[in-house]
$ cat coords39.csv   # CSV, C-alpha atoms
chain,number,residue,atom,x,y,z
J,1,MET,CA,102.9,-74.6,-37.4
J,2,VAL,CA,105.6,-73.5,-34.9
J,3,ASN,CA,109.3,-73.8,-35.9
J,4,GLU,CA,108.6,-75.3,-39.3
J,5,GLY,CA,111.1,-73.2,-41.2
J,6,THR,CA,114.8,-72.2,-41.0
J,7,PRO,CA,116.5,-68.9,-40.0
J,8,ALA,CA,117.8,-68.5,-43.5
J,9,GLU,CA,114.3,-68.7,-44.9
J,10,VAL,CA,113.1,-66.1,-42.5
J,11,LEU,CA,116.1,-63.8,-43.1
J,12,ARG,CA,115.5,-63.8,-46.9
J,13,ALA,CA,111.8,-63.0,-46.5
J,14,PHE,CA,112.3,-60.1,-44.1
J,15,LEU,CA,115.3,-58.7,-46.0
J,16,VAL,CA,113.0,-58.2,-49.0
J,17,LEU,CA,110.5,-56.5,-46.8
J,18,GLY,CA,113.2,-54.4,-45.2
J,19,LEU,CA,114.2,-53.1,-48.6
J,20,SER,CA,110.6,-52.4,-49.9
J,21,SER,CA,108.3,-51.7,-46.9
J,22,PHE,CA,107.7,-47.9,-47.2
J,23,GLY,CA,104.8,-46.1,-45.5
J,24,GLY,CA,105.2,-46.6,-41.7
J,25,PRO,CA,104.1,-49.2,-39.2
J,26,VAL,CA,100.5,-49.5,-40.3
J,27,ALA,CA,101.6,-50.2,-43.9
J,28,HIS,CA,104.3,-52.6,-42.6
J,29,LEU,CA,101.6,-54.7,-40.9
J,30,GLY,CA,99.7,-54.9,-44.2
J,31,TYR,CA,102.9,-56.0,-46.0
J,32,PHE,CA,103.4,-58.7,-43.3
J,33,ARG,CA,99.9,-60.0,-43.6
J,34,ARG,CA,100.2,-60.3,-47.4
J,35,ALA,CA,103.6,-61.9,-47.2
J,36,PHE,CA,103.1,-64.4,-44.4
J,37,VAL,CA,99.3,-65.1,-44.3
J,38,GLU,CA,98.3,-64.8,-47.9
J,39,GLN,CA,101.4,-65.7,-49.9
J,40,ARG,CA,103.4,-68.1,-47.6
J,41,GLY,CA,100.7,-69.4,-45.2
J,42,TRP,CA,103.0,-69.3,-42.2
J,43,LEU,CA,100.1,-68.1,-40.0
J,44,SER,CA,96.3,-68.0,-40.1
J,45,ASP,CA,94.5,-64.7,-40.0
J,46,THR,CA,93.5,-65.4,-36.4
J,47,GLU,CA,97.1,-66.2,-35.3
J,48,TYR,CA,98.4,-63.1,-37.1
J,49,ALA,CA,95.7,-60.8,-35.5
J,50,ALA,CA,96.6,-62.2,-32.1
J,51,ILE,CA,100.3,-61.4,-32.6
J,52,VAL,CA,99.5,-57.9,-33.9
J,53,ALA,CA,97.3,-57.3,-30.8
J,54,LEU,CA,100.1,-58.3,-28.5
J,55,CYS,CA,102.6,-56.0,-30.2
J,56,GLN,CA,100.2,-53.0,-30.2
J,57,PHE,CA,99.9,-53.3,-26.5
J,58,LEU,CA,103.7,-53.3,-25.8
J,59,PRO,CA,106.1,-50.4,-25.8
J,60,GLY,CA,108.4,-50.3,-28.9
J,61,PRO,CA,107.9,-50.5,-32.6
J,62,ALA,CA,104.8,-52.7,-33.3
J,63,SER,CA,105.8,-53.7,-36.8
J,64,SER,CA,109.3,-54.8,-35.8
J,65,GLN,CA,107.9,-56.7,-32.8
J,66,THR,CA,105.3,-58.4,-35.0
J,67,GLY,CA,108.1,-59.5,-37.4
J,68,PHE,CA,110.2,-60.8,-34.5
J,69,CYS,CA,107.2,-62.9,-33.2
J,70,ILE,CA,106.6,-64.3,-36.7
J,71,GLY,CA,110.2,-65.3,-37.0
J,72,LEU,CA,110.1,-66.8,-33.5
J,73,ARG,CA,107.1,-69.0,-34.5
J,74,ARG,CA,108.6,-69.9,-37.8
J,75,ALA,CA,112.2,-70.8,-36.9
J,76,GLY,CA,112.7,-70.4,-33.1
J,77,TRP,CA,114.9,-67.8,-31.5
J,78,LEU,CA,117.4,-67.7,-34.4
J,79,GLY,CA,114.4,-67.1,-36.7
J,80,ALA,CA,113.3,-64.2,-34.5
J,81,LEU,CA,116.8,-62.7,-34.7
J,82,ALA,CA,116.9,-63.2,-38.4
J,83,ALA,CA,113.5,-61.5,-38.9
J,84,TRP,CA,114.7,-58.4,-36.9
J,85,VAL,CA,118.1,-58.2,-38.8
J,86,GLY,CA,116.4,-58.6,-42.2
J,87,PHE,CA,113.8,-56.0,-41.6
J,88,THR,CA,116.1,-53.5,-39.8
J,89,LEU,CA,119.4,-53.7,-41.6
J,90,PRO,CA,118.6,-51.9,-44.9
J,91,SER,CA,117.2,-48.7,-43.3
J,92,GLY,CA,119.8,-48.9,-40.5
J,93,LEU,CA,122.6,-48.8,-42.9
J,94,LEU,CA,121.1,-46.0,-44.9
J,95,MET,CA,120.6,-43.9,-41.9
J,96,PHE,CA,124.2,-44.5,-40.7
J,97,ALA,CA,125.4,-43.5,-44.2
J,98,ALA,CA,123.3,-40.4,-44.0
J,99,ALA,CA,124.9,-39.5,-40.7
J,100,LEU,CA,128.4,-39.9,-42.2
J,101,GLY,CA,127.7,-37.5,-45.0
J,102,LEU,CA,125.8,-34.9,-42.9
J,103,GLY,CA,128.9,-33.1,-41.7
J,104,ASP,CA,130.1,-32.4,-45.3
J,105,LEU,CA,126.7,-31.6,-46.6
J,106,VAL,CA,125.8,-28.9,-44.1
J,107,HIS,CA,128.3,-26.6,-45.8
J,108,VAL,CA,126.8,-26.9,-49.3
J,109,ARG,CA,124.0,-24.4,-50.0
J,110,ILE,CA,121.8,-26.8,-51.9
J,111,ALA,CA,122.3,-29.5,-49.3
J,112,GLN,CA,121.3,-27.0,-46.6
J,113,ALA,CA,118.0,-26.4,-48.5
J,114,VAL,CA,117.4,-30.1,-48.8
J,115,LEU,CA,117.9,-30.7,-45.1
J,116,HIS,CA,115.6,-27.8,-44.3
J,117,GLY,CA,113.0,-29.3,-46.5
J,118,LEU,CA,113.3,-32.6,-44.6
J,119,GLN,CA,112.8,-30.7,-41.4
J,120,LEU,CA,109.6,-29.2,-42.8
J,121,GLY,CA,108.5,-32.6,-44.0
J,122,ALA,CA,109.0,-34.0,-40.5
J,123,ILE,CA,106.6,-31.3,-39.1
J,124,ALA,CA,103.9,-32.4,-41.5
J,125,VAL,CA,104.5,-36.1,-40.8
J,126,VAL,CA,104.1,-35.5,-37.0
J,127,ALA,CA,101.0,-33.4,-37.6
J,128,GLN,CA,99.4,-36.1,-39.7
J,129,ALA,CA,100.3,-38.7,-37.0
J,130,VAL,CA,98.7,-36.7,-34.3
J,131,VAL,CA,95.5,-36.5,-36.2
J,132,ALA,CA,95.5,-40.1,-37.2
J,133,MET,CA,96.3,-41.4,-33.7
J,134,ALA,CA,93.8,-39.1,-32.1
J,135,ARG,CA,91.1,-40.5,-34.4
J,136,SER,CA,92.0,-44.1,-33.6
J,137,LEU,CA,93.1,-43.9,-30.0
J,138,CYS,CA,90.8,-41.2,-28.6
J,139,PRO,CA,87.3,-42.2,-30.0
J,140,ASP,CA,85.4,-40.9,-26.9
J,141,LEU,CA,85.4,-38.0,-24.5
J,142,PRO,CA,87.3,-39.7,-21.6
J,143,ARG,CA,90.2,-40.6,-23.9
J,144,ARG,CA,90.2,-37.2,-25.5
J,145,LEU,CA,90.6,-35.7,-22.0
J,146,PHE,CA,93.5,-38.1,-21.3
J,147,ALA,CA,95.2,-36.7,-24.4
J,148,VAL,CA,94.6,-33.1,-23.4
J,149,ILE,CA,95.8,-33.7,-19.9
J,150,GLY,CA,98.9,-35.5,-21.2
J,151,GLY,CA,99.8,-32.6,-23.3
J,152,ALA,CA,99.2,-30.2,-20.4
J,153,ILE,CA,101.5,-32.2,-18.1
J,154,MET,CA,104.2,-32.1,-20.8
J,155,LEU,CA,103.9,-28.3,-21.0
J,156,LEU,CA,104.5,-28.1,-17.2
J,157,LEU,CA,107.1,-30.9,-17.0
J,158,PRO,CA,108.8,-31.1,-20.4
J,159,ASP,CA,111.3,-33.9,-19.5
J,160,THR,CA,111.5,-37.6,-18.7
J,161,ALA,CA,109.7,-37.1,-15.4
J,162,GLY,CA,106.7,-35.6,-17.2
J,163,GLN,CA,106.7,-38.4,-19.8
J,164,LEU,CA,106.6,-41.0,-17.0
J,165,LEU,CA,103.8,-39.1,-15.2
J,166,VAL,CA,101.8,-39.1,-18.4
J,167,LEU,CA,102.2,-42.9,-19.0
J,168,VAL,CA,101.5,-43.8,-15.4
J,169,GLY,CA,98.6,-41.5,-15.2
J,170,GLY,CA,97.2,-42.9,-18.4
J,171,ALA,CA,97.4,-46.4,-17.1
J,172,ILE,CA,95.8,-45.6,-13.7
J,173,GLY,CA,93.1,-43.4,-15.4
J,174,GLY,CA,92.4,-46.1,-18.0
J,175,ARG,CA,92.0,-48.8,-15.2
J,176,LEU,CA,89.5,-46.6,-13.3
J,177,LEU,CA,87.6,-44.8,-16.0
J,178,LEU,CA,87.7,-47.1,-19.1
J,179,PRO,CA,86.1,-50.4,-18.0
J,180,GLY,CA,85.7,-52.8,-20.9
J,181,ALA,CA,87.9,-50.9,-23.2
J,182,GLY,CA,89.7,-54.1,-24.4
J,183,ALA,CA,88.2,-57.2,-25.9
J,184,ALA,CA,89.4,-60.7,-25.3
J,185,ALA,CA,91.1,-62.7,-28.1
J,186,THR,CA,92.7,-66.0,-28.6
J,187,GLY,CA,96.5,-65.9,-28.7
J,188,PRO,CA,98.9,-67.9,-30.8
J,189,ALA,CA,100.2,-71.2,-29.4
J,190,VAL,CA,103.9,-70.7,-28.5
J,191,PRO,CA,105.3,-72.9,-25.7
J,192,ALA,CA,106.9,-71.1,-22.8
J,193,ASP,CA,110.6,-71.9,-22.3
J,194,LEU,CA,113.6,-70.8,-20.4
J,195,ALA,CA,114.5,-68.3,-23.1
J,196,SER,CA,111.1,-66.5,-22.8
J,197,ARG,CA,111.6,-66.2,-19.0
J,198,LEU,CA,115.2,-64.9,-19.5
J,199,CYS,CA,113.8,-62.2,-21.9
J,200,LEU,CA,111.5,-60.9,-19.2
J,201,ALA,CA,114.3,-61.0,-16.6
J,202,GLY,CA,116.7,-59.3,-19.0
J,203,PHE,CA,114.2,-56.5,-19.8
J,204,ALA,CA,113.6,-55.8,-16.0
J,205,ALA,CA,117.4,-55.7,-15.3
J,206,LEU,CA,118.2,-53.5,-18.3
J,207,LEU,CA,115.3,-51.1,-17.5
J,208,VAL,CA,116.7,-50.6,-14.0
J,209,PHE,CA,120.1,-50.0,-15.4
J,210,SER,CA,118.8,-47.5,-17.9
J,211,LEU,CA,117.0,-45.6,-15.2
J,212,LEU,CA,119.9,-45.5,-12.8
J,213,ALA,CA,122.9,-45.1,-15.3
J,214,ALA,CA,124.9,-42.0,-14.9
J,215,GLY,CA,128.1,-40.6,-16.5
J,216,GLY,CA,129.0,-40.8,-20.1
J,217,GLY,CA,130.4,-43.2,-22.7
J,218,ASP,CA,128.7,-45.9,-24.7
J,219,ALA,CA,127.0,-47.2,-21.5
J,220,ALA,CA,125.2,-43.8,-21.1
J,221,LEU,CA,124.2,-43.9,-24.8
J,222,PHE,CA,122.9,-47.5,-24.5
J,223,ALA,CA,120.9,-46.5,-21.3
J,224,ALA,CA,119.3,-43.5,-23.0
J,225,PHE,CA,118.2,-45.4,-26.1
J,226,PHE,CA,117.0,-48.4,-24.1
J,227,ARG,CA,115.0,-46.2,-21.8
J,228,THR,CA,113.5,-44.5,-24.8
J,229,GLY,CA,112.5,-47.9,-26.4
J,230,ALA,CA,111.0,-49.1,-23.1
J,231,LEU,CA,108.7,-46.0,-22.7
J,232,VAL,CA,107.4,-45.7,-26.3
J,233,PHE,CA,103.8,-46.8,-26.2
J,234,GLY,CA,102.1,-46.4,-29.6
J,235,GLY,CA,105.3,-46.9,-31.5
J,236,GLY,CA,106.2,-44.9,-34.6
J,237,HIS,CA,106.1,-41.1,-34.2
J,238,VAL,CA,105.6,-41.3,-30.4
J,239,VAL,CA,109.3,-41.9,-30.2
J,240,LEU,CA,110.0,-38.3,-31.2
J,241,PRO,CA,109.5,-36.5,-27.8
J,242,LEU,CA,111.4,-39.2,-26.0
J,243,LEU,CA,114.3,-39.0,-28.4
J,244,GLN,CA,114.4,-35.3,-28.2
J,245,ASP,CA,114.6,-35.5,-24.4
J,246,ALA,CA,117.3,-38.2,-24.6
J,247,VAL,CA,119.7,-36.6,-27.1
J,248,VAL,CA,118.8,-33.0,-27.9
J,249,ARG,CA,118.1,-31.6,-24.4
J,250,PRO,CA,121.5,-32.8,-23.0
J,251,GLY,CA,123.3,-31.5,-26.1
J,252,TRP,CA,124.4,-34.9,-27.5
J,253,VAL,CA,122.9,-34.1,-31.0
J,254,PRO,CA,122.1,-30.6,-32.3
J,255,ALA,CA,118.4,-29.9,-32.8
J,256,PRO,CA,118.7,-29.2,-36.6
J,257,ALA,CA,120.6,-32.5,-37.2
J,258,PHE,CA,118.0,-34.3,-35.1
J,259,LEU,CA,115.1,-33.0,-37.2
J,260,ALA,CA,116.9,-33.5,-40.5
J,261,GLY,CA,117.4,-37.2,-39.4
J,262,TYR,CA,113.8,-37.5,-38.5
J,263,GLY,CA,112.8,-36.2,-41.9
J,264,LEU,CA,115.2,-38.6,-43.6
J,265,ALA,CA,113.8,-41.5,-41.6
J,266,GLN,CA,110.3,-40.9,-43.2
J,267,ALA,CA,111.9,-41.6,-46.7
J,268,MET,CA,113.4,-44.9,-45.7
J,269,PRO,CA,111.9,-48.4,-45.9
J,270,GLY,CA,111.6,-50.4,-42.7
J,271,PRO,CA,111.0,-49.2,-39.2
J,272,LEU,CA,111.2,-45.5,-38.2
J,273,PHE,CA,113.2,-46.5,-35.1
J,274,THR,CA,116.3,-46.9,-37.3
J,275,ILE,CA,116.8,-43.1,-36.8
J,276,ALA,CA,118.7,-44.4,-33.7
J,277,ALA,CA,121.6,-45.4,-36.0
J,278,PHE,CA,121.7,-41.8,-37.3
J,279,LEU,CA,121.6,-40.3,-33.9
J,280,GLY,CA,124.1,-42.8,-32.4
J,281,ALA,CA,126.6,-42.1,-35.1
J,282,LEU,CA,126.4,-38.3,-34.5
J,283,SER,CA,126.2,-38.4,-30.7
J,284,ARG,CA,128.8,-36.4,-28.8
J,285,VAL,CA,128.5,-39.0,-26.0
J,286,GLY,CA,130.0,-42.4,-26.6
J,287,SER,CA,132.1,-43.6,-29.4
J,288,GLY,CA,130.0,-42.2,-32.2
J,289,GLY,CA,130.4,-43.4,-35.7
J,290,ALA,CA,129.7,-47.1,-36.4
J,291,VAL,CA,130.0,-48.2,-32.8
J,292,GLY,CA,127.6,-45.4,-31.6
J,293,ALA,CA,125.2,-46.3,-34.4
J,294,LEU,CA,125.2,-50.0,-33.5
J,295,VAL,CA,124.8,-49.3,-29.7
J,296,ALA,CA,121.9,-46.9,-30.2
J,297,LEU,CA,120.2,-49.1,-32.8
J,298,VAL,CA,120.3,-52.3,-30.6
J,299,ALA,CA,119.4,-50.4,-27.5
J,300,ILE,CA,116.2,-48.8,-28.8
J,301,PHE,CA,114.8,-52.0,-30.3
J,302,LEU,CA,115.9,-54.3,-27.5
J,303,PRO,CA,113.1,-53.5,-24.9
J,304,GLY,CA,110.3,-54.2,-27.3
J,305,LEU,CA,111.9,-57.4,-28.6
J,306,LEU,CA,112.6,-58.8,-25.1
J,307,LEU,CA,109.0,-58.1,-24.1
J,308,ALA,CA,107.5,-59.6,-27.3
J,309,GLY,CA,109.6,-62.7,-26.9
J,310,GLY,CA,108.9,-63.1,-23.2
J,311,LEU,CA,105.1,-62.4,-23.3
J,312,LEU,CA,104.1,-64.2,-26.6
J,313,PRO,CA,103.8,-67.6,-24.9
J,314,HIS,CA,101.5,-66.1,-22.2
J,315,TRP,CA,99.4,-63.8,-24.5
J,316,SER,CA,96.3,-66.0,-24.6
J,317,ARG,CA,95.8,-65.6,-20.8
J,318,LEU,CA,96.9,-61.9,-20.6
J,319,ARG,CA,94.8,-60.7,-23.5
J,320,GLY,CA,91.6,-61.7,-21.7
J,321,ASN,CA,92.5,-59.5,-18.6
J,322,GLY,CA,90.0,-56.6,-18.8
J,323,ALA,CA,92.0,-54.5,-16.2
J,324,LEU,CA,95.1,-54.7,-18.3
J,325,ALA,CA,93.3,-53.8,-21.5
J,326,SER,CA,91.6,-50.8,-19.8
J,327,SER,CA,95.0,-49.6,-18.5
J,328,LEU,CA,96.7,-49.8,-21.9
J,329,SER,CA,93.8,-48.1,-23.6
J,330,GLY,CA,94.4,-45.2,-21.2
J,331,VAL,CA,98.1,-45.2,-21.9
J,332,ASN,CA,97.5,-45.2,-25.7
J,333,ALA,CA,95.2,-42.2,-25.3
J,334,ALA,CA,97.7,-40.3,-23.1
J,335,VAL,CA,100.5,-40.7,-25.6
J,336,VAL,CA,98.5,-38.7,-28.1
J,337,GLY,CA,99.1,-35.8,-25.8
J,338,LEU,CA,102.8,-36.6,-25.8
J,339,LEU,CA,102.9,-36.5,-29.6
J,340,GLY,CA,100.8,-33.3,-29.6
J,341,PHE,CA,103.4,-31.7,-27.3
J,342,ALA,CA,106.2,-32.8,-29.7
J,343,LEU,CA,104.4,-31.2,-32.6
J,344,LEU,CA,104.0,-27.9,-30.6
J,345,ASN,CA,107.7,-28.0,-30.0
J,346,LEU,CA,108.5,-28.4,-33.6
J,347,ILE,CA,106.3,-25.5,-34.6
J,348,THR,CA,107.5,-23.1,-31.9
J,349,LYS,CA,111.2,-23.8,-32.3
J,350,GLY,CA,111.4,-21.8,-35.4
J,351,ASN,CA,111.9,-24.6,-38.0
J,352,ALA,CA,109.5,-22.8,-40.4
J,353,HIS,CA,111.1,-19.4,-41.1
J,354,SER,CA,108.8,-17.9,-43.7
J,355,LEU,CA,105.4,-18.0,-45.3
J,356,TRP,CA,106.8,-20.3,-48.0
J,357,ASP,CA,108.0,-22.7,-45.3
J,358,ALA,CA,104.5,-22.6,-43.7
J,359,ALA,CA,102.9,-23.3,-47.1
J,360,ILE,CA,105.2,-26.3,-47.6
J,361,VAL,CA,104.2,-27.7,-44.3
J,362,VAL,CA,100.5,-27.2,-44.8
J,363,LEU,CA,100.5,-28.7,-48.3
J,364,ALA,CA,102.6,-31.7,-47.1
J,365,PHE,CA,100.1,-32.2,-44.3
J,366,LEU,CA,97.1,-32.1,-46.7
J,367,ALA,CA,98.8,-34.6,-49.0
J,368,LEU,CA,99.6,-37.0,-46.2
J,369,MET,CA,96.0,-36.9,-45.1
J,370,LYS,CA,94.9,-38.3,-48.5
J,371,PRO,CA,94.7,-42.1,-48.6
J,372,GLY,CA,97.3,-43.8,-50.8
J,373,VAL,CA,99.7,-40.9,-50.9
J,374,PRO,CA,103.2,-42.3,-50.2
J,375,PRO,CA,105.1,-40.5,-47.4
J,376,LEU,CA,108.3,-40.9,-49.5
J,377,ALA,CA,106.9,-38.7,-52.3
J,378,VAL,CA,105.7,-36.1,-49.8
J,379,ILE,CA,109.1,-35.9,-48.0
J,380,LEU,CA,111.0,-35.6,-51.3
J,381,GLY,CA,108.5,-33.0,-52.4
J,382,CYS,CA,109.3,-30.9,-49.3
J,383,ALA,CA,113.0,-31.2,-50.0
J,384,ALA,CA,112.5,-30.1,-53.6
J,385,ALA,CA,110.2,-27.2,-52.6
J,386,ALA,CA,112.8,-26.0,-50.1
J,387,VAL,CA,115.5,-26.0,-52.8
J,388,ILE,CA,113.2,-23.9,-55.0
$ encode --input "coords39.csv" --output "structure tokens"
Amino acid sequence: MVNEGTPAEVLRAFLVLGLSSFGGPVAHLGYFRRAFVEQRGWLSDTEYAAIVALCQFLPGPASSQTGFCIGLRRAGWLGALAAWVGFTLPSGLLMFAAALGLGDLVHVRIAQAVLHGLQLGAIAVVAQAVVAMARSLCPDLPRRLFAVIGGAIMLLLPDTAGQLLVLVGGAIGGRLLLPGAGAAATGPAVPADLASRLCLAGFAALLVFSLLAAGGGDAALFAAFFRTGALVFGGGHVVLPLLQDAVVRPGWVPAPAFLAGYGLAQAMPGPLFTIAAFLGALSRVGSGGAVGALVALVAIFLPGLLLAGGLLPHWSRLRGNGALASSLSGVNAAVVGLLGFALLNLITKGNAHSLWDAAIVVLAFLALMKPGVPPLAVILGCAAAAVI
């Protein structure tokens, strides 16, 4: 069932999903299963579950990586690229367009209120993500302690060094304290080739570059977003603290614009990571505009895609490694602490200015906690309430 299709076929299928897949990464995985297991029969349930398991274990956006792997199996490396482009392009273009209009909108009173509402919606979204991830990734006392310790480390070291310490500590703690946390599974049959080995070598080389790069320009912008994409375990909203550290702390993007973009990203179809196009376009480092948007967008997705393409052929063997599964279980629990720290930052930075703002956040959070409530409706409701 490998390489039975064409890149054009894959592009069409994922472009439809990129235009219509609202609801975040968990919802995206549901859309993918319906489209490629039930409707098209490109994969069996077992094969799809194995791909999802791999992508959940890797840094980066799990839904985009899953789509990349499906495209790789269906139509080879061009199919993988087509899957990523189709799923990412719609929201990437929308976020870039939003960045272009932000400078004019900030001077219009009603637009200011809308942007403030999006900021409030972002707080509610992050709060809901913290609760949901704590439930799924911290089911027992040891993993809850990992999350608490991770948050405490970030309070003491609120920078990249702290984030690295949280991730490394989670991996070591998981290996030592969480034996048997992972279960073996059969991976999909994808033959290893030179391209998969080049993916892993390219990831290693670019990671070293991103950690050592200094100075400014588009190279610095690429390094910051590649480093962010390489360190995001858990995908989705976990990217928030890393992006804050990458672009807000050094003054590349103002904090209000960052939070407005984060709120806008909740209302978009496709992957949340396309906020990179918004931030790259606004960045004071690098070319900005279309070039900055493209550099940031490619850089933040590239680590996860390189790892997915490089490790998919070896996943059957790696998935059965209990030590690896335990370490990654510890990392997943620790990133809940990272996200909790990000939420605390949002609350304490003064984004909610009144009791009315607080009420909007609380009501949005309660709405998001109800099954079946679309995030798009909640985010738009926050914007409308802020205007009122």
$ axis_aligned_box --input "coords39.csv" --around "segment 143-152 of chain J" --padding-each-side "5 Å" --output "AutoDock Vina command-line options"
--center_x 95.0 --center_y -35.4 --center_z -22.7 --size_x 19.6 --size_y 20.4 --size_z 15.6
$ residues_around --input "coords39.csv" --residues "segment 129-133 of chain J" --least-positions-apart "2" --cutoff "10 Å" --atoms "all atoms listed in the file" --output "list in words"
Ile123, Ala124, Val125, Val126, Ala127, Arg135, Ser136, Leu137, Cys138, Pro139, Gly234, Gly236, His237, Val238, Asn332, Ala333, Val335, Val336, Gly337, Leu338, Leu339, Gly340, Phe341, Ala342, Leu343, Phe365, Leu368 and Met369 of chain J
$ write_last_selection --input "coords39.csv" --atoms "C-alpha atoms" --output "compact mmCIF listing (two decimals), keeping the file's coordinate frame"
# COMPACT_ATOMS: atom_id res chain seq x y z
CA ILE J 123 106.60 -31.30 -39.10
CA ALA J 124 103.90 -32.40 -41.50
CA VAL J 125 104.50 -36.10 -40.80
CA VAL J 126 104.10 -35.50 -37.00
CA ALA J 127 101.00 -33.40 -37.60
CA ARG J 135 91.10 -40.50 -34.40
CA SER J 136 92.00 -44.10 -33.60
CA LEU J 137 93.10 -43.90 -30.00
CA CYS J 138 90.80 -41.20 -28.60
CA PRO J 139 87.30 -42.20 -30.00
CA GLY J 234 102.10 -46.40 -29.60
CA GLY J 236 106.20 -44.90 -34.60
CA HIS J 237 106.10 -41.10 -34.20
CA VAL J 238 105.60 -41.30 -30.40
CA ASN J 332 97.50 -45.20 -25.70
CA ALA J 333 95.20 -42.20 -25.30
CA VAL J 335 100.50 -40.70 -25.60
CA VAL J 336 98.50 -38.70 -28.10
CA GLY J 337 99.10 -35.80 -25.80
CA LEU J 338 102.80 -36.60 -25.80
CA LEU J 339 102.90 -36.50 -29.60
CA GLY J 340 100.80 -33.30 -29.60
CA PHE J 341 103.40 -31.70 -27.30
CA ALA J 342 106.20 -32.80 -29.70
CA LEU J 343 104.40 -31.20 -32.60
CA PHE J 365 100.10 -32.20 -44.30
CA LEU J 368 99.60 -37.00 -46.20
CA MET J 369 96.00 -36.90 -45.10
$ atom_distance --input "coords39.csv" --atom1 "atom CA of Leu29 of chain J" --atom2 "atom CA of Ser63 of chain J"
6.0 Å
$ atom_distance --input "coords39.csv" --atom1 "atom CA of Gly261 of chain J" --atom2 "atom CA of Phe233 of chain J"
21.2 Å
$ residues_around --input "coords39.csv" --residues "segment 71-88 of chain J" --least-positions-apart "4" --cutoff "9 Å" --atoms "all atoms listed in the file" --output "count of residues only"
38
$ closest_atom_pairs --input "coords39.csv" --of "segment 226-298 of chain J" --to "segment 201-218 of chain J" --cutoff "9 Å" --atoms "only C-alpha atoms" --output "tab-separated table"
residue	atom	partner	partner_atom	distance
J:Phe226	CA	J:Ser210	CA	6.5
J:Arg227	CA	J:Ser210	CA	5.6
J:Ala230	CA	J:Leu207	CA	7.3
J:Val285	CA	J:Gly217	CA	5.7
J:Gly286	CA	J:Gly217	CA	4.0
J:Ser287	CA	J:Asp218	CA	6.2
J:Gly288	CA	J:Asp218	CA	8.5
J:Val291	CA	J:Asp218	CA	8.5
J:Gly292	CA	J:Asp218	CA	7.0
J:Val295	CA	J:Asp218	CA	7.2
J:Ala296	CA	J:Asp218	CA	8.8
$ atom_distance --input "coords39.csv" --atom1 "atom CA of Val378 of chain J" --atom2 "atom CA of Leu366 of chain J"
10.0 Å
$ closest_residue --input "coords39.csv" --among "J:Ala255, J:Ala265, J:Leu178, J:Ala161" --to "Ala98 of chain J" --atoms "all atoms listed in the file"
J:Ala265
$ residues_around --input "coords39.csv" --residues "Ala246 of chain J" --least-positions-apart "5" --cutoff "10 Å" --atoms "only C-alpha atoms" --output "list of chain:residue names"
J:Asp159, J:Thr160, J:Leu221, J:Ala223, J:Ala224, J:Phe225, J:Arg227, J:Thr228, J:Leu240, J:Pro241, J:Gly251, J:Trp252, J:Val253
$ write_last_selection --input "coords39.csv" --atoms "C-alpha atoms" --output "PDB file, keeping the file's coordinate frame"
ATOM      1  CA  ASP J 159     111.300 -33.900 -19.500  1.00  0.00           C
ATOM      2  CA  THR J 160     111.500 -37.600 -18.700  1.00  0.00           C
ATOM      3  CA  LEU J 221     124.200 -43.900 -24.800  1.00  0.00           C
ATOM      4  CA  ALA J 223     120.900 -46.500 -21.300  1.00  0.00           C
ATOM      5  CA  ALA J 224     119.300 -43.500 -23.000  1.00  0.00           C
ATOM      6  CA  PHE J 225     118.200 -45.400 -26.100  1.00  0.00           C
ATOM      7  CA  ARG J 227     115.000 -46.200 -21.800  1.00  0.00           C
ATOM      8  CA  THR J 228     113.500 -44.500 -24.800  1.00  0.00           C
ATOM      9  CA  LEU J 240     110.000 -38.300 -31.200  1.00  0.00           C
ATOM     10  CA  PRO J 241     109.500 -36.500 -27.800  1.00  0.00           C
ATOM     11  CA  GLY J 251     123.300 -31.500 -26.100  1.00  0.00           C
ATOM     12  CA  TRP J 252     124.400 -34.900 -27.500  1.00  0.00           C
ATOM     13  CA  VAL J 253     122.900 -34.100 -31.000  1.00  0.00           C
TER      14      VAL J 253
END
$ closest_residue --input "coords39.csv" --among "J:Cys69, J:Ile153, J:Ala384, J:Leu324" --to "Ile110 of chain J" --atoms "all atoms listed in the file"
J:Ala384
$ closest_residue --input "coords39.csv" --among "J:Ala257, J:Leu231, J:Val331, J:Val239" --to "Gly150 of chain J" --atoms "all atoms listed in the file"
J:Val331
$ build_atoms --input "coords39.csv" --residues "segment 218-223 of chain J" --atoms "N, CA and C atoms" --output "mmCIF file, in the frame of the given file"
data_model
loop_
_atom_site.group_PDB
_atom_site.id
_atom_site.type_symbol
_atom_site.label_atom_id
_atom_site.label_comp_id
_atom_site.auth_asym_id
_atom_site.auth_seq_id
_atom_site.Cartn_x
_atom_site.Cartn_y
_atom_site.Cartn_z
ATOM 1 N N ASP J 218 129.643 -45.088 -23.957
ATOM 2 C CA ASP J 218 128.700 -45.900 -24.700
ATOM 3 C C ASP J 218 127.614 -46.493 -23.720
ATOM 4 N N ALA J 219 127.958 -46.685 -22.439
ATOM 5 C CA ALA J 219 127.000 -47.200 -21.500
ATOM 6 C C ALA J 219 125.843 -46.165 -21.316
ATOM 7 N N ALA J 220 126.192 -44.881 -21.239
ATOM 8 C CA ALA J 220 125.200 -43.800 -21.100
ATOM 9 C C ALA J 220 124.326 -43.774 -22.396
ATOM 10 N N LEU J 221 124.977 -43.934 -23.553
ATOM 11 C CA LEU J 221 124.200 -43.900 -24.800
ATOM 12 C C LEU J 221 123.275 -45.100 -24.877
ATOM 13 N N PHE J 222 123.747 -46.288 -24.495
ATOM 14 C CA PHE J 222 122.900 -47.500 -24.500
ATOM 15 C C PHE J 222 121.698 -47.241 -23.523
ATOM 16 N N ALA J 223 121.969 -46.707 -22.330
ATOM 17 C CA ALA J 223 120.900 -46.500 -21.300
ATOM 18 C C ALA J 223 119.855 -45.538 -21.861
#
